[in-house]
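Coordinates from my_file_34.csv are shown below (CSV, C-alpha atoms and all ligand atoms).
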chain,number,residue,atom,x,y,z
A,1,MET,CA,0.0,0.0,0.0
A,2,GLY,CA,1.3,3.5,-0.9
A,3,GLU,CA,1.7,6.4,1.4
A,4,VAL,CA,-1.5,7.6,3.0
A,5,LYS,CA,-2.0,11.4,3.2
A,6,THR,CA,-4.8,12.7,5.4
A,7,LEU,CA,-6.9,15.8,4.6
A,8,GLY,CA,-5.3,17.5,7.6
A,9,GLN,CA,-1.7,16.8,6.4
A,10,PHE,CA,-2.6,17.8,2.9
A,11,ILE,CA,-4.1,21.1,3.9
A,12,ILE,CA,-1.0,22.0,6.0
A,13,GLU,CA,1.3,21.0,3.2
A,14,LYS,CA,-0.5,23.2,0.7
A,15,GLN,CA,-0.6,26.2,3.0
A,16,ALA,CA,2.3,27.8,1.2
A,17,ASP,CA,0.0,28.3,-1.8
A,18,PHE,CA,-2.4,30.5,0.1
A,19,PRO,CA,-2.0,34.2,-0.7
A,20,TYR,CA,-2.9,35.4,2.8
A,21,ALA,CA,-2.0,34.5,6.4
A,22,LYS,CA,-1.3,30.9,6.3
A,23,GLY,CA,-2.9,29.1,9.2
A,24,GLU,CA,-6.4,30.7,9.1
A,25,LEU,CA,-7.7,29.2,5.9
A,26,SER,CA,-6.2,25.8,6.9
A,27,ARG,CA,-8.1,26.0,10.2
A,28,LEU,CA,-11.3,26.9,8.4
A,29,LEU,CA,-11.0,24.0,6.0
A,30,ARG,CA,-10.3,21.7,9.0
A,31,ASP,CA,-13.5,23.0,10.8
A,32,ILE,CA,-15.5,22.2,7.7
A,33,GLY,CA,-14.0,18.8,7.5
A,34,ILE,CA,-15.0,18.1,11.1
A,35,ALA,CA,-18.6,19.3,10.5
A,36,ALA,CA,-18.7,17.0,7.4
A,37,LYS,CA,-17.8,14.0,9.5
A,38,MET,CA,-20.6,14.8,12.0
A,39,VAL,CA,-23.1,15.0,9.1
A,40,ASN,CA,-21.7,11.8,7.6
A,41,ARG,CA,-22.2,10.0,10.8
A,42,GLU,CA,-25.9,11.0,10.9
A,43,VAL,CA,-26.5,10.4,7.2
A,44,ASN,CA,-25.0,6.9,7.6
A,45,LYS,CA,-27.3,5.8,10.4
A,46,ALA,CA,-30.3,7.8,9.1
A,47,GLY,CA,-32.5,4.7,8.8
A,48,LEU,CA,-31.8,3.7,12.4
A,49,MET,CA,-32.6,7.0,14.0
A,50,ASP,CA,-35.7,9.2,14.2
A,51,ILE,CA,-34.0,11.5,11.8
A,52,LEU,CA,-35.7,10.7,8.5
A,53,GLY,CA,-38.5,12.7,7.1
A,54,GLN,CA,-39.7,16.2,7.2
A,55,ALA,CA,-39.2,18.5,10.1
A,56,GLY,CA,-42.6,20.2,9.6
A,57,SER,CA,-41.0,23.6,8.8
A,58,THR,CA,-40.1,25.4,5.6
A,59,ASN,CA,-37.1,27.4,4.7
A,60,ILE,CA,-36.8,30.8,3.1
A,61,GLN,CA,-37.4,29.3,-0.4
A,62,GLY,CA,-40.6,27.8,0.9
A,63,GLU,CA,-39.2,24.3,0.6
A,64,SER,CA,-40.1,21.8,3.4
A,65,GLN,CA,-37.1,21.2,5.6
A,66,GLN,CA,-35.9,17.7,6.3
A,67,LYS,CA,-34.7,16.8,9.8
A,68,LEU,CA,-31.3,16.2,8.3
A,69,ASP,CA,-31.3,19.6,6.6
A,70,ILE,CA,-31.6,21.2,10.0
A,71,PHE,CA,-29.1,18.9,11.7
A,72,ALA,CA,-26.5,19.5,9.0
A,73,ASN,CA,-27.0,23.2,9.1
A,74,GLU,CA,-26.5,23.2,12.9
A,75,GLN,CA,-23.3,21.2,12.6
A,76,PHE,CA,-21.8,23.5,10.1
A,77,ILE,CA,-22.8,26.6,12.0
A,78,LYS,CA,-21.5,25.1,15.3
A,79,ALA,CA,-18.1,24.1,13.8
A,80,LEU,CA,-17.7,27.4,12.1
A,81,THR,CA,-18.6,29.4,15.2
A,82,SER,CA,-16.3,27.6,17.5
A,83,GLY,CA,-13.5,27.5,14.9
A,84,GLY,CA,-12.8,31.2,15.2
A,85,GLU,CA,-11.9,31.9,11.5
A,86,CYS,CA,-15.4,32.6,10.2
A,87,CYS,CA,-17.2,35.9,10.7
A,88,ILE,CA,-20.3,35.2,8.6
A,89,VAL,CA,-22.2,32.0,7.7
A,90,ALA,CA,-24.7,32.2,4.9
A,91,SER,CA,-26.8,29.2,4.5
A,92,GLU,CA,-29.6,27.9,2.3
A,93,GLU,CA,-31.5,27.1,5.5
A,94,ASN,CA,-31.4,30.7,7.0
A,95,GLU,CA,-33.1,33.6,5.5
A,96,GLU,CA,-30.5,36.1,6.8
A,97,ILE,CA,-26.8,35.9,7.1
A,98,ILE,CA,-25.5,34.7,10.5
A,99,THR,CA,-22.9,37.0,12.0
A,100,ILE,CA,-20.6,35.3,14.4
A,101,ASN,CA,-19.9,37.4,17.4
A,102,ALA,CA,-18.1,34.8,19.6
A,103,PRO,CA,-14.9,36.3,21.2
A,104,VAL,CA,-12.9,33.6,19.5
A,105,ALA,CA,-14.0,35.0,16.1
A,106,GLN,CA,-13.0,38.6,16.8
A,107,ASN,CA,-10.4,38.6,14.1
A,108,ALA,CA,-12.1,36.3,11.7
A,109,LYS,CA,-11.6,37.2,8.1
A,110,TYR,CA,-13.6,34.6,6.2
A,111,ILE,CA,-17.2,34.3,5.0
A,112,VAL,CA,-18.6,30.8,4.4
A,113,ALA,CA,-21.7,30.1,2.3
A,114,ILE,CA,-23.2,26.6,2.7
A,115,ASP,CA,-25.8,24.3,1.3
A,116,PRO,CA,-25.6,22.0,4.4
A,117,LEU,CA,-27.5,19.2,2.8
A,118,ASP,CA,-27.9,19.0,-1.0
A,119,GLY,CA,-30.4,16.6,-2.5
A,120,SER,CA,-32.5,16.3,0.6
A,121,SER,CA,-35.3,14.6,-1.3
A,122,ASN,CA,-33.0,11.6,-1.6
A,123,ILE,CA,-32.3,11.1,2.1
A,124,ASP,CA,-35.3,9.0,2.9
A,125,VAL,CA,-34.6,6.6,0.0
A,126,ASN,CA,-30.9,6.0,0.8
A,127,VAL,CA,-29.6,7.8,-2.3
A,128,ALA,CA,-26.4,9.9,-2.3
A,129,VAL,CA,-26.7,13.4,-0.9
A,130,GLY,CA,-24.0,16.1,-0.3
A,131,SER,CA,-22.9,19.3,1.3
A,132,ILE,CA,-21.5,22.4,-0.5
A,133,PHE,CA,-19.3,25.2,0.8
A,134,SER,CA,-17.9,28.4,-0.6
A,135,ILE,CA,-15.3,30.6,1.1
A,136,TYR,CA,-14.7,34.3,0.6
A,137,ARG,CA,-12.4,36.8,2.4
A,138,LYS,CA,-13.8,40.0,3.9
A,139,ILE,CA,-13.5,42.9,1.4
A,140,ASP,CA,-12.2,45.2,4.1
A,141,ILE,CA,-10.3,43.3,6.7
A,142,ASN,CA,-10.7,46.2,9.2
A,143,ALA,CA,-14.5,46.7,8.8
A,144,PRO,CA,-17.2,44.5,10.2
A,145,ALA,CA,-18.4,42.0,7.6
A,146,THR,CA,-21.9,42.6,6.0
A,147,ILE,CA,-24.1,41.1,3.4
A,148,THR,CA,-21.9,42.9,0.8
A,149,ASP,CA,-19.1,40.5,1.7
A,150,VAL,CA,-21.3,37.6,1.0
A,151,CYS,CA,-22.5,39.0,-2.3
A,152,GLN,CA,-19.1,38.9,-4.0
A,153,PRO,CA,-18.9,37.4,-7.5
A,154,GLY,CA,-17.8,33.8,-7.6
A,155,THR,CA,-14.4,34.9,-9.1
A,156,GLN,CA,-13.6,36.1,-5.6
A,157,GLN,CA,-13.9,32.7,-3.9
A,158,VAL,CA,-10.7,31.7,-2.1
A,159,ALA,CA,-11.8,28.1,-1.7
A,160,ALA,CA,-14.8,25.9,-2.4
A,161,GLY,CA,-15.7,22.3,-2.0
A,162,TYR,CA,-18.3,19.6,-1.6
A,163,ILE,CA,-18.8,16.5,0.4
A,164,VAL,CA,-20.6,13.6,-1.3
A,165,TYR,CA,-22.2,11.1,1.1
A,166,GLY,CA,-22.4,8.2,-1.3
A,167,SER,CA,-21.3,4.6,-1.4
A,168,SER,CA,-18.2,6.1,0.2
A,169,THR,CA,-17.9,9.6,1.6
A,170,MET,CA,-15.7,12.0,-0.2
A,171,LEU,CA,-14.6,15.6,0.3
A,172,VAL,CA,-13.5,17.4,-2.8
A,173,TYR,CA,-12.1,20.9,-2.7
A,174,THR,CA,-10.1,23.6,-4.4
A,175,THR,CA,-8.2,26.7,-3.3
A,176,GLY,CA,-7.7,27.8,-6.9
A,177,LYS,CA,-4.7,25.5,-7.4
A,178,GLY,CA,-6.4,22.4,-8.9
A,179,VAL,CA,-8.9,20.0,-7.3
A,180,ASN,CA,-8.2,17.2,-4.9
A,181,GLY,CA,-10.5,14.5,-3.5
A,182,PHE,CA,-10.3,12.7,-0.2
A,183,THR,CA,-12.2,9.5,0.8
A,184,LEU,CA,-13.3,9.0,4.3
A,185,ASP,CA,-11.8,5.8,5.8
A,186,PRO,CA,-14.4,5.1,8.5
A,187,SER,CA,-12.1,2.7,10.3
A,188,ILE,CA,-9.7,5.5,11.2
A,189,GLY,CA,-12.1,8.4,11.0
A,190,GLU,CA,-9.8,10.3,8.5
A,191,SER,CA,-10.3,11.5,5.0
A,192,CYS,CA,-7.4,10.4,2.9
A,193,LEU,CA,-6.2,11.7,-0.4
A,194,SER,CA,-7.6,9.3,-3.0
A,195,HIS,CA,-8.1,11.5,-6.1
A,196,PRO,CA,-5.2,13.9,-6.5
A,197,ASN,CA,-5.4,16.6,-9.2
A,198,MET,CA,-8.9,15.8,-10.5
A,199,THR,CA,-9.6,16.8,-14.0
A,200,VAL,CA,-12.9,16.6,-15.9
A,201,PRO,CA,-12.5,15.1,-19.4
A,202,ALA,CA,-13.1,17.8,-22.1
A,203,ASP,CA,-15.6,15.6,-23.8
A,204,GLY,CA,-18.1,13.3,-22.1
A,205,GLN,CA,-21.0,11.1,-22.9
A,206,ILE,CA,-23.3,11.7,-20.0
A,207,TYR,CA,-26.0,14.4,-19.9
A,208,SER,CA,-27.8,15.1,-16.6
A,209,VAL,CA,-31.0,17.1,-16.7
A,210,ASN,CA,-34.5,16.6,-15.3
A,211,GLU,CA,-36.2,15.6,-18.5
A,212,GLY,CA,-39.5,15.5,-16.8
A,213,ASN,CA,-39.5,19.2,-17.2
A,214,TYR,CA,-38.8,19.0,-20.9
A,215,VAL,CA,-42.0,20.6,-22.0
A,216,HIS,CA,-41.1,23.7,-19.9
A,217,PHE,CA,-37.5,24.1,-21.1
A,218,PRO,CA,-36.2,26.8,-23.4
A,219,LYS,CA,-35.9,25.9,-27.1
A,220,GLY,CA,-32.1,25.8,-27.0
A,221,VAL,CA,-32.1,23.2,-24.2
A,222,LYS,CA,-34.8,21.1,-25.9
A,223,GLN,CA,-32.7,21.1,-29.1
A,224,TYR,CA,-29.5,20.2,-27.2
A,225,ILE,CA,-31.2,17.3,-25.5
A,226,LYS,CA,-32.3,16.1,-29.0
A,227,TYR,CA,-28.7,16.4,-30.1
A,228,CYS,CA,-27.6,14.2,-27.2
A,229,GLN,CA,-30.1,11.6,-28.3
A,230,VAL,CA,-29.2,11.5,-32.0
A,231,GLU,CA,-27.2,8.5,-33.3
A,232,ASP,CA,-23.7,9.6,-34.6
A,233,SER,CA,-20.8,7.2,-34.3
A,234,SER,CA,-18.2,10.0,-34.9
A,235,THR,CA,-19.2,11.7,-31.6
A,236,ASN,CA,-20.3,8.5,-29.7
A,237,ARG,CA,-23.9,9.6,-29.6
A,238,PRO,CA,-26.5,8.9,-28.4
A,239,TYR,CA,-25.1,9.9,-25.0
A,240,THR,CA,-26.2,8.3,-21.7
A,241,SER,CA,-28.7,10.1,-19.5
A,242,ARG,CA,-28.0,10.0,-15.8
A,243,TYR,CA,-29.9,12.2,-13.2
A,244,ILE,CA,-29.8,11.5,-9.5
A,245,GLY,CA,-31.5,14.6,-8.3
A,246,SER,CA,-28.6,15.6,-6.0
A,247,MET,CA,-26.5,18.2,-7.8
A,248,VAL,CA,-23.4,17.2,-5.8
A,249,ALA,CA,-23.7,13.5,-6.7
A,250,ASP,CA,-24.6,14.3,-10.3
A,251,LEU,CA,-21.6,16.6,-10.7
A,252,HIS,CA,-19.2,14.4,-8.8
A,253,ARG,CA,-20.0,11.6,-11.3
A,254,ASN,CA,-19.6,13.9,-14.3
A,255,LEU,CA,-16.4,15.3,-12.9
A,256,ILE,CA,-14.9,11.9,-12.8
A,257,LYS,CA,-16.4,10.4,-16.0
A,258,GLY,CA,-17.1,13.5,-18.1
A,259,GLY,CA,-20.5,14.9,-18.8
A,260,ILE,CA,-22.8,17.9,-18.6
A,261,PHE,CA,-25.3,18.9,-15.9
A,262,ILE,CA,-28.0,21.3,-16.9
A,263,TYR,CA,-30.6,23.0,-14.7
A,264,PRO,CA,-32.1,25.6,-17.0
A,265,VAL,CA,-34.8,28.2,-16.6
A,266,THR,CA,-38.1,26.5,-16.8
A,267,ALA,CA,-41.7,27.8,-17.1
A,268,ASN,CA,-42.1,27.1,-13.3
A,269,ALA,CA,-38.7,28.4,-12.3
A,270,PRO,CA,-38.1,31.4,-14.6
A,271,LYS,CA,-34.8,32.2,-13.0
A,272,GLY,CA,-33.6,28.6,-12.6
A,273,LYS,CA,-33.8,26.6,-9.5
A,274,LEU,CA,-30.3,26.3,-8.1
A,275,ARG,CA,-28.9,29.0,-5.9
A,276,LEU,CA,-25.9,31.1,-7.1
A,277,VAL,CA,-24.1,31.7,-3.9
A,278,TYR,CA,-24.0,28.3,-2.2
A,279,GLU,CA,-24.7,25.9,-5.1
A,280,CYS,CA,-23.7,27.3,-8.5
A,281,ASN,CA,-20.6,29.4,-7.7
A,282,PRO,CA,-18.8,26.8,-5.6
A,283,MET,CA,-19.5,24.0,-8.1
A,284,ALA,CA,-18.4,26.3,-10.9
A,285,PHE,CA,-15.1,27.1,-9.1
A,286,ILE,CA,-14.4,23.4,-8.7
A,287,ILE,CA,-15.3,22.4,-12.2
A,288,GLU,CA,-13.3,25.3,-13.8
A,289,GLN,CA,-10.3,24.3,-11.6
A,290,ALA,CA,-10.7,20.8,-13.0
A,291,GLY,CA,-10.6,22.2,-16.5
A,292,GLY,CA,-14.3,22.3,-17.2
A,293,LYS,CA,-16.8,25.1,-17.8
A,294,ALA,CA,-19.8,26.6,-16.0
A,295,THR,CA,-22.2,29.1,-17.5
A,296,ASP,CA,-25.8,30.2,-17.3
A,297,GLY,CA,-26.2,29.2,-21.0
A,298,PHE,CA,-24.6,32.5,-22.1
A,299,ASN,CA,-22.3,33.9,-19.4
A,300,ARG,CA,-19.7,32.6,-17.0
A,301,ILE,CA,-21.4,31.6,-13.7
A,302,MET,CA,-18.6,33.1,-11.6
A,303,GLU,CA,-18.9,36.5,-13.2
A,304,ILE,CA,-22.6,36.9,-12.5
A,305,GLU,CA,-23.4,39.9,-10.3
A,306,VAL,CA,-24.7,38.7,-6.9
A,307,THR,CA,-27.5,41.0,-5.7
A,308,GLU,CA,-29.1,38.8,-3.0
A,309,LEU,CA,-28.1,35.8,-0.8
A,310,HIS,CA,-30.7,33.4,-2.2
A,311,GLN,CA,-30.4,34.4,-5.8
A,312,ARG,CA,-31.1,31.7,-8.3
A,313,SER,CA,-29.4,31.0,-11.6
A,314,PRO,CA,-29.7,28.6,-14.5
A,315,ILE,CA,-26.6,26.4,-14.9
A,316,PHE,CA,-24.8,24.5,-17.7
A,317,ILE,CA,-21.7,22.9,-16.1
A,318,GLY,CA,-19.2,20.1,-16.8
A,319,SER,CA,-17.0,19.0,-19.7
A,320,LYS,CA,-15.9,22.0,-21.6
A,321,ASN,CA,-16.8,20.9,-25.1
A,322,MET,CA,-20.2,19.7,-24.0
A,323,VAL,CA,-21.0,23.0,-22.3
A,324,GLU,CA,-19.9,24.9,-25.3
A,325,MET,CA,-22.1,22.8,-27.6
A,326,ALA,CA,-25.1,23.4,-25.3
A,327,GLU,CA,-24.3,27.2,-25.4
A,328,ARG,CA,-24.2,27.1,-29.2
A,329,PHE,CA,-27.8,25.6,-29.1
A,330,MET,CA,-28.9,28.4,-26.8
A,331,ARG,CA,-27.4,31.0,-29.0
A,332,ASP,CA,-28.8,29.5,-32.2
A,333,ALA,CA,-32.2,29.4,-30.6
A,334,GLY,CA,-32.1,33.1,-31.5
A,335,VAL,CA,-31.5,34.8,-28.2
A,336,LEU,CA,-28.6,36.9,-27.2
A,337,SER,CA,-28.8,36.7,-23.5
A,338,PHE,CA,-30.4,34.9,-20.7
A,339,ALA,CA,-33.0,37.7,-20.2
A,340,ASP,CA,-34.0,37.4,-23.8
A,341,ALA,CA,-34.6,33.6,-23.3
A,342,GLU,CA,-37.7,34.0,-21.2
A,343,PRO,CA,-40.2,34.6,-24.1
A,344,LEU,CA,-39.0,31.3,-25.6
A,345,LEU,CA,-40.0,29.3,-22.6
A,346,SER,CA,-43.3,28.2,-24.1
A,347,ALA,CA,-42.0,28.0,-27.6
A,348,GLY,CA,-42.1,24.6,-29.3
B,401,LIG,P1,-31.4,21.0,-2.0
B,401,LIG,O1,-31.7,19.6,-1.6
B,401,LIG,O2,-30.2,21.6,-1.4
B,401,LIG,O3,-32.6,21.9,-2.0
B,401,LIG,O4,-31.0,20.9,-3.6
B,401,LIG,C1,-31.8,20.2,-4.5
B,401,LIG,C2,-31.4,20.6,-5.8
B,401,LIG,C3,-30.2,19.9,-6.4
B,401,LIG,O5,-29.5,19.1,-5.6
B,401,LIG,C4,-30.8,19.0,-7.5
B,401,LIG,O6,-29.9,19.0,-8.6
B,401,LIG,C5,-32.0,19.7,-7.8
B,401,LIG,O7,-32.5,20.3,-6.7
B,401,LIG,C6,-33.1,18.7,-8.2
B,401,LIG,O8,-34.2,19.4,-8.6
B,401,LIG,P2,-35.4,18.7,-9.4
B,401,LIG,O9,-36.1,17.7,-8.5
B,401,LIG,O10,-36.3,19.8,-9.8
B,401,LIG,O11,-34.8,18.0,-10.6
B,402,MN,MN,-28.8,22.0,-2.9
B,403,MN,MN,-29.9,21.9,0.7
Serialized structure, structure tokens:
Amino acid sequence: MGEVKTLGQFIIEKQADFPYAKGELSRLLRDIGIAAKMVNREVNKAGLMDILGQAGSTNIQGESQQKLDIFANEQFIKALTSGGECCIVASEENEEIITINAPVAQNAKYIVAIDPLDGSSNIDVNVAVGSIFSIYRKIDINAPATITDVCQPGTQQVAAGYIVYGSSTMLVYTTGKGVNGFTLDPSIGESCLSHPNMTVPADGQIYSVNEGNYVHFPKGVKQYIKYCQVEDSSTNRPYTSRYIGSMVADLHRNLIKGGIFIYPVTANAPKGKLRLVYECNPMAFIIEQAGGKATDGFNRIMEIEVTELHQRSPIFIGSKNMVEMAERFMRDAGVLSFADAEPLLSAG
């Protein structure tokens, strides 16, 4: 067996790459790793505990919260609060930002945006779920952090990552110097480097989209899906359709195997469904760092102006050439920008 490198060892080894004070981001990543292990523990024994099902509450987006959504949210907030490096947590499950006033966090410089549990509709049926995090640095280190610090464009992320609680649990993250993946070894309770320097193939043969919404998709997406289904040996089509319904799990598979994930605007979700700050931007950072591409069909996800915490965006993300082909279909559908796409929603 080769040398085993734990997540903790790896983070410290890579500290030299960080542009700012060295230990702080390392500690923050460590805190996130700890919260992820707590969530993993609960996800793994979910069937045994009274933790399945709905909590009876709804979050800001009007979605019913699962008990595990709430548990995961609490774990991340707790770890980030006591860690001392985070001044604001922004979460899918909280309407407003959470400002951390603990004495230990007096000099904290980092903002963390989280989707504590992604794919919650899959929990009760034992299908892979995930967590997503995105880290920003305060714009003015000497001023108190505000919502403006949270609403920075994705290009300003200093780190981002996800945890996929699947057949094994993996943490994948980037600090802007490539993407590395760590698999949790439950026997020692440590995540070990298993996927160094992850890259997404430029071409893939998997398309992931909720085709049940086909009738509500813009024309360009409909035509791209048809393109994926046409037989053509020179491009290995028809492609394979795979859709789990947990963005983290769908993107993790496509990162490894190559593929495209699309959640477009639909007639029911005219701005898209997925959230820019804690779903699209962190995944875009990771996929770009792995050599892939992430756009809203027209523009780079990480350059979209962020005006509110729970802002939604359509997303086309994955293998570079596949995303560019889908973008071509969007353009050829006769629209110049995402805003122009809306009249086409009901078109044939
Ligand atoms: P969350 O569980 O954090 O609300 O996210 C669910 C998201 C995402 O994980 C997934 O890709 C998408 O919703 C699935 O939506 P549809 O059921 O509309 O396909
Ligand atoms: Mn989610
Ligand atoms: Mn969620």
List every residue of chain A that has an atom at most 7 Å from any atom of ligand MN 402 (chain B), giving for each one its closest atom pair and the distance in Å to one decimal, counting only C-alpha atoms and all ligand atoms, sorted by chain and then by ascending residue number, as JSON lines.
{"residue": "A:Asp115", "atom": "CA", "partner": "B:MN402", "partner_atom": "MN", "distance": 5.7}
{"residue": "A:Leu117", "atom": "CA", "partner": "B:MN402", "partner_atom": "MN", "distance": 6.5}
{"residue": "A:Asp118", "atom": "CA", "partner": "B:MN402", "partner_atom": "MN", "distance": 3.7}
{"residue": "A:Gly119", "atom": "CA", "partner": "B:MN402", "partner_atom": "MN", "distance": 5.6}
{"residue": "A:Met247", "atom": "CA", "partner": "B:MN402", "partner_atom": "MN", "distance": 6.6}
{"residue": "A:Leu274", "atom": "CA", "partner": "B:MN402", "partner_atom": "MN", "distance": 6.9}
{"residue": "A:Glu279", "atom": "CA", "partner": "B:MN402", "partner_atom": "MN", "distance": 6.1}
What residues have any atom no more than 12 Å from ligand MN 403 (chain B) when counting only C-alpha atoms and all ligand atoms, and can you list them as a ChimeraX atom specification?
-> /A:58-61,63-73,91-94,113-123,129-133,245-248,273-275,278-279,310
Since we have the selection now, will you write its residues out, keeping C-alpha atoms, as an mmCIF file, in the coordinates of the input?
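Resulting contents of part_38.cif:
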data_model
loop_
_atom_site.group_PDB
_atom_site.id
_atom_site.type_symbol
_atom_site.label_atom_id
_atom_site.label_comp_id
_atom_site.auth_asym_id
_atom_site.auth_seq_id
_atom_site.Cartn_x
_atom_site.Cartn_y
_atom_site.Cartn_z
ATOM 1 C CA THR A 58 -40.100 25.400 5.600
ATOM 2 C CA ASN A 59 -37.100 27.400 4.700
ATOM 3 C CA ILE A 60 -36.800 30.800 3.100
ATOM 4 C CA GLN A 61 -37.400 29.300 -0.400
ATOM 5 C CA GLU A 63 -39.200 24.300 0.600
ATOM 6 C CA SER A 64 -40.100 21.800 3.400
ATOM 7 C CA GLN A 65 -37.100 21.200 5.600
ATOM 8 C CA GLN A 66 -35.900 17.700 6.300
ATOM 9 C CA LYS A 67 -34.700 16.800 9.800
ATOM 10 C CA LEU A 68 -31.300 16.200 8.300
ATOM 11 C CA ASP A 69 -31.300 19.600 6.600
ATOM 12 C CA ILE A 70 -31.600 21.200 10.000
ATOM 13 C CA PHE A 71 -29.100 18.900 11.700
ATOM 14 C CA ALA A 72 -26.500 19.500 9.000
ATOM 15 C CA ASN A 73 -27.000 23.200 9.100
ATOM 16 C CA SER A 91 -26.800 29.200 4.500
ATOM 17 C CA GLU A 92 -29.600 27.900 2.300
ATOM 18 C CA GLU A 93 -31.500 27.100 5.500
ATOM 19 C CA ASN A 94 -31.400 30.700 7.000
ATOM 20 C CA ALA A 113 -21.700 30.100 2.300
ATOM 21 C CA ILE A 114 -23.200 26.600 2.700
ATOM 22 C CA ASP A 115 -25.800 24.300 1.300
ATOM 23 C CA PRO A 116 -25.600 22.000 4.400
ATOM 24 C CA LEU A 117 -27.500 19.200 2.800
ATOM 25 C CA ASP A 118 -27.900 19.000 -1.000
ATOM 26 C CA GLY A 119 -30.400 16.600 -2.500
ATOM 27 C CA SER A 120 -32.500 16.300 0.600
ATOM 28 C CA SER A 121 -35.300 14.600 -1.300
ATOM 29 C CA ASN A 122 -33.000 11.600 -1.600
ATOM 30 C CA ILE A 123 -32.300 11.100 2.100
ATOM 31 C CA VAL A 129 -26.700 13.400 -0.900
ATOM 32 C CA GLY A 130 -24.000 16.100 -0.300
ATOM 33 C CA SER A 131 -22.900 19.300 1.300
ATOM 34 C CA ILE A 132 -21.500 22.400 -0.500
ATOM 35 C CA PHE A 133 -19.300 25.200 0.800
ATOM 36 C CA GLY A 245 -31.500 14.600 -8.300
ATOM 37 C CA SER A 246 -28.600 15.600 -6.000
ATOM 38 C CA MET A 247 -26.500 18.200 -7.800
ATOM 39 C CA VAL A 248 -23.400 17.200 -5.800
ATOM 40 C CA LYS A 273 -33.800 26.600 -9.500
ATOM 41 C CA LEU A 274 -30.300 26.300 -8.100
ATOM 42 C CA ARG A 275 -28.900 29.000 -5.900
ATOM 43 C CA TYR A 278 -24.000 28.300 -2.200
ATOM 44 C CA GLU A 279 -24.700 25.900 -5.100
ATOM 45 C CA HIS A 310 -30.700 33.400 -2.200
#
Could you please determine the separation between atom C3 of ligand LIG 401 (chain B) and CA of Gly259 in chain A in Å, to one decimal place?
-> 16.5 Å
From the list A:Met170, A:Leu309, A:Ile135, A:Met38, which residue is nearest Ile97 in chain A when using all atoms listed in the file?
->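 Selected residue with least distance to Ile97 in chain A: A:Leu309.
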What separates CA of Val89 in chain A and CA of Glu13 in chain A is a distance of 26.3 Å
Give me, as a PDB file with C-alpha atoms, keeping the file's coordinate frame, all polymer residues having an atom no more than 12 Å from Asn321 in chain A, counting only C-alpha atoms and skipping those fewer than 5 positions away in the same chain.
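Contents of the output file out-v1.pdb:
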ATOM      1  CA  VAL A 200     -12.900  16.600 -15.900  1.00  0.00           C
ATOM      2  CA  PRO A 201     -12.500  15.100 -19.400  1.00  0.00           C
ATOM      3  CA  ALA A 202     -13.100  17.800 -22.100  1.00  0.00           C
ATOM      4  CA  ASP A 203     -15.600  15.600 -23.800  1.00  0.00           C
ATOM      5  CA  GLY A 204     -18.100  13.300 -22.100  1.00  0.00           C
ATOM      6  CA  GLN A 205     -21.000  11.100 -22.900  1.00  0.00           C
ATOM      7  CA  THR A 235     -19.200  11.700 -31.600  1.00  0.00           C
ATOM      8  CA  GLY A 258     -17.100  13.500 -18.100  1.00  0.00           C
ATOM      9  CA  GLY A 259     -20.500  14.900 -18.800  1.00  0.00           C
ATOM     10  CA  ILE A 260     -22.800  17.900 -18.600  1.00  0.00           C
ATOM     11  CA  GLY A 291     -10.600  22.200 -16.500  1.00  0.00           C
ATOM     12  CA  GLY A 292     -14.300  22.300 -17.200  1.00  0.00           C
ATOM     13  CA  LYS A 293     -16.800  25.100 -17.800  1.00  0.00           C
ATOM     14  CA  ALA A 294     -19.800  26.600 -16.000  1.00  0.00           C
ATOM     15  CA  PHE A 316     -24.800  24.500 -17.700  1.00  0.00           C
ATOM     16  CA  ALA A 326     -25.100  23.400 -25.300  1.00  0.00           C
ATOM     17  CA  GLU A 327     -24.300  27.200 -25.400  1.00  0.00           C
ATOM     18  CA  ARG A 328     -24.200  27.100 -29.200  1.00  0.00           C
TER      19      ARG A 328
END
Considering all atoms listed in the file, state which residue in the set A:Arg137, A:Lys22, A:His195, A:Lys219 is at the smallest distance from His252 in chain A.
->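 Of A:Arg137, A:Lys22, A:His195, A:Lys219, the one nearest His252 in chain A is A:His195, counting all atoms listed in the file.
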So how far away is CA of Leu193 in chain A from CA of Ala35 in chain A, in Å?
->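 For CA of Ala35 in chain A relative to CA of Leu193 in chain A, the distance reads 18.2 Å.
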Which one of A:Asn236, A:Asn254, A:Asn213, A:Thr81 sits closest to ligand LIG 401 (chain B) if you count all atoms listed in the file?
->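 Among the listed residues, A:Asn213 lies closest to ligand LIG 401 (chain B).
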For Lys14 in chain A: contacts at 12 Å, only C-alpha atoms, fewer than 3 positions along chain excluded, given as a list in words =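 Residues meeting the cut-off are Leu7, Gly8, Gln9, Phe10, Ile11, Asp17, Phe18, Pro19, Lys22, Gly23, Leu25, Ser26, Leu29, Thr174, Thr175, Gly176, Lys177, Gly178 and Asn180 of chain A.
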Go through A:Gln106, A:Asn44, A:Ser313, A:Asn281 and flag the residue nearest Ala143 in chain A, using all atoms listed in the file for the distances.
->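 The shortest atom-to-atom distance to Ala143 in chain A comes from A:Gln106.
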Top pick for closest residue to ligand LIG 401 (chain B), considering A:Lys320, A:Lys78, A:His216, A:Lys45 and counting all atoms listed in the file =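 Ranked by minimum distance to ligand LIG 401 (chain B), first place goes to A:His216.
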